[in-house]
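Chemist: Once you've had a glance at the structure underneath, I'll fire off some questions.
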Amino acid sequence: MAGYRKLGRTSSQRKAMIRSQVTALLYHGKIRTTETRAKEIRKVAEGLIALGVKEKDNFDTVKVTAKVARKDKDGKRVKEVVDGKKVTVYDEVEKEIKKDHPSRLHARRQMLKVLYGVTEVPTAAAGRKKNTKEVDLTAKIFDEIAPKYTSRNGGYTRIVKIGPRKGDAAMEVLLELV
């Protein structure tokens, strides 16, 4: 007996599909898929959440001074003329950053092996690159998802049966975070 379902795909296609659906599940909180896919996705997603729960408080906060370019009201960098050349003006800003301990850094890299990058596009500027931003899903797992499940020992997802799909009568389910 195999340790996983083949889902009628080659291994590379299957891995890519599972990665994309796990990414969608963690980004949106729930996805609609077939029952067999949901059972495979659940294994991977619960492993990532368990990593996040285990390592969520494993960091130090450090104060750092950084140079940040000064910007005007339009969001463009302020430049001033020095010796006949235009030079960007920088301000020194003190920031608090989280410095991961080695085990949390390893957990973050394990998550990044599975998760795809997510780009958030605002609805007003759909189809444009201007105001898009990258979403850090590993940070979302550590900061938002993991704290909800600290008192829980596994079972972070729920499968709710919806009914047969119209085209091929495959059982459709809703896979959601509890």
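Naming scheme: A, B, ... for chains in displayed order of the structure tokens; residues 1 onward per chain; ligands 1 onward as shown.
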Neighbouring residues of Lys98 (chain A) were defined as those with any atom within 12 Å, considering only C-alpha atoms; residues of the same chain fewer than 6 positions away were excluded. Please report them as a list of chain:residue names.
Modeler: A:Lys56, A:Asp57, A:Asn58, A:Phe59, A:Asp60, A:Thr61, A:Val62, A:Lys63, A:Val64, A:Arg104, A:Leu105, A:Ala139, A:Phe142, A:Asp143
Chemist: Using backbone DSSP assignments, extract all strand (DSSP E or B) residues from region 65-150 of chain A; output them as a count of residues only.
Modeler: 32
Chemist: Taking only residues of region 21-86 of chain A that have an atom at most 10 Å from an atom of region 156-171 of chain A, what is each one's shortest atom pair and its distance in Å to one decimal, using only C-alpha atoms, in chain and number order, as JSON lines?
Modeler:
{"residue": "A:Leu25", "atom": "CA", "partner": "A:Thr157", "partner_atom": "CA", "distance": 9.7}
{"residue": "A:Gly29", "atom": "CA", "partner": "A:Thr157", "partner_atom": "CA", "distance": 9.5}
{"residue": "A:Lys30", "atom": "CA", "partner": "A:Thr157", "partner_atom": "CA", "distance": 9.1}
{"residue": "A:Ile31", "atom": "CA", "partner": "A:Ile159", "partner_atom": "CA", "distance": 9.9}
{"residue": "A:Arg32", "atom": "CA", "partner": "A:Ile162", "partner_atom": "CA", "distance": 8.9}
{"residue": "A:Thr33", "atom": "CA", "partner": "A:Met171", "partner_atom": "CA", "distance": 8.6}
{"residue": "A:Thr34", "atom": "CA", "partner": "A:Met171", "partner_atom": "CA", "distance": 5.7}
{"residue": "A:Glu35", "atom": "CA", "partner": "A:Met171", "partner_atom": "CA", "distance": 5.9}
{"residue": "A:Thr36", "atom": "CA", "partner": "A:Met171", "partner_atom": "CA", "distance": 8.5}
{"residue": "A:Ala38", "atom": "CA", "partner": "A:Ile159", "partner_atom": "CA", "distance": 7.4}
{"residue": "A:Lys39", "atom": "CA", "partner": "A:Ile159", "partner_atom": "CA", "distance": 8.3}
{"residue": "A:Ile41", "atom": "CA", "partner": "A:Thr157", "partner_atom": "CA", "distance": 9.9}
{"residue": "A:Arg42", "atom": "CA", "partner": "A:Thr157", "partner_atom": "CA", "distance": 6.8}
{"residue": "A:Lys43", "atom": "CA", "partner": "A:Thr157", "partner_atom": "CA", "distance": 9.5}
{"residue": "A:Ala45", "atom": "CA", "partner": "A:Thr157", "partner_atom": "CA", "distance": 8.1}
{"residue": "A:Glu46", "atom": "CA", "partner": "A:Tyr156", "partner_atom": "CA", "distance": 6.1}
{"residue": "A:Gly47", "atom": "CA", "partner": "A:Tyr156", "partner_atom": "CA", "distance": 9.5}
{"residue": "A:Ile49", "atom": "CA", "partner": "A:Tyr156", "partner_atom": "CA", "distance": 7.5}
{"residue": "A:Ala50", "atom": "CA", "partner": "A:Tyr156", "partner_atom": "CA", "distance": 8.5}
Chemist: Since we have the selection now, will you write its residues out, keeping N, CA and C atoms, as a PDB file, in the first residue's frame?
Modeler:
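Result saved to selection-v7.pdb:
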ATOM      1  N   LEU A  25      -4.988  27.430   0.487  1.00  0.00           N
ATOM      2  CA  LEU A  25      -5.665  27.162   1.758  1.00  0.00           C
ATOM      3  C   LEU A  25      -5.159  28.085   2.858  1.00  0.00           C
ATOM      4  N   GLY A  29      -7.821  30.616   3.767  1.00  0.00           N
ATOM      5  CA  GLY A  29      -8.475  30.022   4.930  1.00  0.00           C
ATOM      6  C   GLY A  29      -9.363  28.845   4.580  1.00  0.00           C
ATOM      7  N   LYS A  30      -9.803  28.750   3.332  1.00  0.00           N
ATOM      8  CA  LYS A  30     -10.607  27.601   2.894  1.00  0.00           C
ATOM      9  C   LYS A  30     -10.535  27.483   1.381  1.00  0.00           C
ATOM     10  N   ILE A  31     -10.668  26.244   0.903  1.00  0.00           N
ATOM     11  CA  ILE A  31     -10.701  25.993  -0.537  1.00  0.00           C
ATOM     12  C   ILE A  31     -11.741  24.926  -0.821  1.00  0.00           C
ATOM     13  N   ARG A  32     -12.185  24.889  -2.075  1.00  0.00           N
ATOM     14  CA  ARG A  32     -13.155  23.898  -2.525  1.00  0.00           C
ATOM     15  C   ARG A  32     -12.441  22.968  -3.499  1.00  0.00           C
ATOM     16  N   THR A  33     -12.455  21.667  -3.206  1.00  0.00           N
ATOM     17  CA  THR A  33     -11.736  20.705  -4.028  1.00  0.00           C
ATOM     18  C   THR A  33     -12.383  19.331  -3.888  1.00  0.00           C
ATOM     19  N   THR A  34     -11.799  18.315  -4.524  1.00  0.00           N
ATOM     20  CA  THR A  34     -12.347  16.966  -4.399  1.00  0.00           C
ATOM     21  C   THR A  34     -11.879  16.336  -3.087  1.00  0.00           C
ATOM     22  N   GLU A  35     -12.567  15.289  -2.686  1.00  0.00           N
ATOM     23  CA  GLU A  35     -12.296  14.668  -1.390  1.00  0.00           C
ATOM     24  C   GLU A  35     -10.900  14.059  -1.326  1.00  0.00           C
ATOM     25  N   THR A  36     -10.486  13.355  -2.380  1.00  0.00           N
ATOM     26  CA  THR A  36      -9.169  12.721  -2.349  1.00  0.00           C
ATOM     27  C   THR A  36      -8.049  13.748  -2.341  1.00  0.00           C
ATOM     28  N   ALA A  38      -8.308  16.771  -1.107  1.00  0.00           N
ATOM     29  CA  ALA A  38      -8.358  17.414   0.207  1.00  0.00           C
ATOM     30  C   ALA A  38      -7.621  16.595   1.258  1.00  0.00           C
ATOM     31  N   LYS A  39      -7.722  15.274   1.172  1.00  0.00           N
ATOM     32  CA  LYS A  39      -7.042  14.420   2.154  1.00  0.00           C
ATOM     33  C   LYS A  39      -5.525  14.500   2.000  1.00  0.00           C
ATOM     34  N   ILE A  41      -3.921  17.205   0.662  1.00  0.00           N
ATOM     35  CA  ILE A  41      -3.576  18.590   1.002  1.00  0.00           C
ATOM     36  C   ILE A  41      -3.546  18.763   2.517  1.00  0.00           C
ATOM     37  N   ARG A  42      -4.480  18.111   3.179  1.00  0.00           N
ATOM     38  CA  ARG A  42      -4.578  18.205   4.631  1.00  0.00           C
ATOM     39  C   ARG A  42      -3.285  17.758   5.307  1.00  0.00           C
ATOM     40  N   LYS A  43      -2.667  16.669   4.815  1.00  0.00           N
ATOM     41  CA  LYS A  43      -1.424  16.168   5.405  1.00  0.00           C
ATOM     42  C   LYS A  43      -0.336  17.236   5.389  1.00  0.00           C
ATOM     43  N   ALA A  45      -0.635  20.593   4.818  1.00  0.00           N
ATOM     44  CA  ALA A  45      -1.020  21.829   5.511  1.00  0.00           C
ATOM     45  C   ALA A  45      -0.891  21.681   7.021  1.00  0.00           C
ATOM     46  N   GLU A  46      -1.327  20.553   7.551  1.00  0.00           N
ATOM     47  CA  GLU A  46      -1.239  20.354   8.997  1.00  0.00           C
ATOM     48  C   GLU A  46       0.209  20.255   9.463  1.00  0.00           C
ATOM     49  N   GLY A  47       1.073  19.697   8.622  1.00  0.00           N
ATOM     50  CA  GLY A  47       2.496  19.658   8.962  1.00  0.00           C
ATOM     51  C   GLY A  47       3.096  21.047   9.048  1.00  0.00           C
ATOM     52  N   ILE A  49       1.442  23.888   9.639  1.00  0.00           N
ATOM     53  CA  ILE A  49       0.866  24.596  10.788  1.00  0.00           C
ATOM     54  C   ILE A  49       1.498  24.092  12.083  1.00  0.00           C
ATOM     55  N   ALA A  50       1.745  22.784  12.167  1.00  0.00           N
ATOM     56  CA  ALA A  50       2.402  22.218  13.360  1.00  0.00           C
ATOM     57  C   ALA A  50       3.798  22.808  13.535  1.00  0.00           C
TER      58      ALA A  50
END
Chemist: Smallest atom-to-atom distance to Ile97 (chain A): which of A:Ser151, A:Asn131, A:Thr65, A:Ser12, using only C-alpha atoms?
Modeler: A:Thr65
Chemist: Name the residues in contact with region 115-123 of chain A at a cut-off of 7 Å, using only C-alpha atoms, excluding same-chain residues fewer than 5 positions from it; report them as a short mmCIF file (atom, residue, chain, number, x, y, z; two decimals) with C-alpha atoms, in the first residue's frame.
Modeler:
data_model
loop_
_atom_site.label_atom_id
_atom_site.label_comp_id
_atom_site.auth_asym_id
_atom_site.auth_seq_id
_atom_site.Cartn_x
_atom_site.Cartn_y
_atom_site.Cartn_z
CA ARG A 19 1.80 23.00 -3.22
CA SER A 20 -0.55 25.42 -4.97
CA THR A 23 -0.74 27.88 -0.52
CA ASN A 131 0.25 48.66 -6.24
CA THR A 132 0.86 44.92 -6.00
CA LYS A 133 2.61 43.54 -2.96
CA GLU A 134 4.14 40.22 -2.02
CA VAL A 135 2.46 38.41 0.87
#
Chemist: Which of these, A:Ala107, A:Val68, A:Ala24, A:Val114, has the shortest distance to Glu92 (chain A) once you count only C-alpha atoms?
Modeler: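 Using only C-alpha atoms, Glu92 (chain A) sits closest to A:Val68.
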Chemist: Can you check which residues of region 68-170 of chain A DSSP gives as alpha helix (DSSP H) on the backbone and send them as a list in words?
Modeler: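 So, restricting region 68-170 of chain A to alpha helix (DSSP H), we get Pro102, Ser103, Arg104, Leu105, His106, Ala107, Arg108, Arg109, Gln110, Met111, Leu112, Lys113, Val114, Leu137, Thr138, Ala139, Lys140, Ala146, Pro147 and Lys148 of chain A.
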Chemist: Would you mind exporting the chosen residues as an mmCIF file, in the first residue's frame, restricted to C-alpha atoms?
Modeler:
data_model
loop_
_atom_site.group_PDB
_atom_site.id
_atom_site.type_symbol
_atom_site.label_atom_id
_atom_site.label_comp_id
_atom_site.auth_asym_id
_atom_site.auth_seq_id
_atom_site.Cartn_x
_atom_site.Cartn_y
_atom_site.Cartn_z
ATOM 1 C CA PRO A 102 18.184 28.709 14.206
ATOM 2 C CA SER A 103 15.318 26.232 14.672
ATOM 3 C CA ARG A 104 12.705 28.829 13.634
ATOM 4 C CA LEU A 105 14.814 29.812 10.634
ATOM 5 C CA HIS A 106 14.964 26.154 9.628
ATOM 6 C CA ALA A 107 11.183 25.852 10.035
ATOM 7 C CA ARG A 108 10.700 28.975 7.887
ATOM 8 C CA ARG A 109 12.885 27.485 5.140
ATOM 9 C CA GLN A 110 10.993 24.188 5.316
ATOM 10 C CA MET A 111 7.748 26.130 4.805
ATOM 11 C CA LEU A 112 9.236 28.059 1.882
ATOM 12 C CA LYS A 113 10.095 24.746 0.203
ATOM 13 C CA VAL A 114 6.376 23.962 0.037
ATOM 14 C CA LEU A 137 2.896 33.442 4.031
ATOM 15 C CA THR A 138 5.488 32.146 6.493
ATOM 16 C CA ALA A 139 5.031 35.285 8.591
ATOM 17 C CA LYS A 140 1.260 34.798 8.353
ATOM 18 C CA ALA A 146 -0.174 29.452 14.781
ATOM 19 C CA PRO A 147 -1.353 31.512 17.808
ATOM 20 C CA LYS A 148 -4.916 30.260 17.233
#
Chemist: My list of candidates is A:Val44, A:Leu174, A:Val53, A:Val81. Which is closest to Tyr149 (chain A) when distances are computed with only C-alpha atoms?
Modeler: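 Nearest to Tyr149 (chain A): A:Val53.
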Chemist: Counting only C-alpha atoms, which residue out of A:Lys67, A:Arg37, A:Lys85, A:Lys130 sits closest to Lys6 (chain A)?
Modeler: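 Of A:Lys67, A:Arg37, A:Lys85, A:Lys130, the one nearest Lys6 (chain A) is A:Arg37, counting only C-alpha atoms.
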Chemist: I want to know what sits within 9 Å of Ala66 (chain A), based on only C-alpha atoms, with residues of the same chain fewer than 6 positions away left out; could you give that as a list in words?
Modeler: Asp91, Glu92, Val93, Glu94 and Lys95 of chain A
Chemist: Rounded to one decimal place, report the CA of Gly52 (chain A)-CA of Ile145 (chain A) distance in Å.
Modeler: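 About the pair CA of Gly52 (chain A) and CA of Ile145 (chain A): they are 8.0 Å apart.
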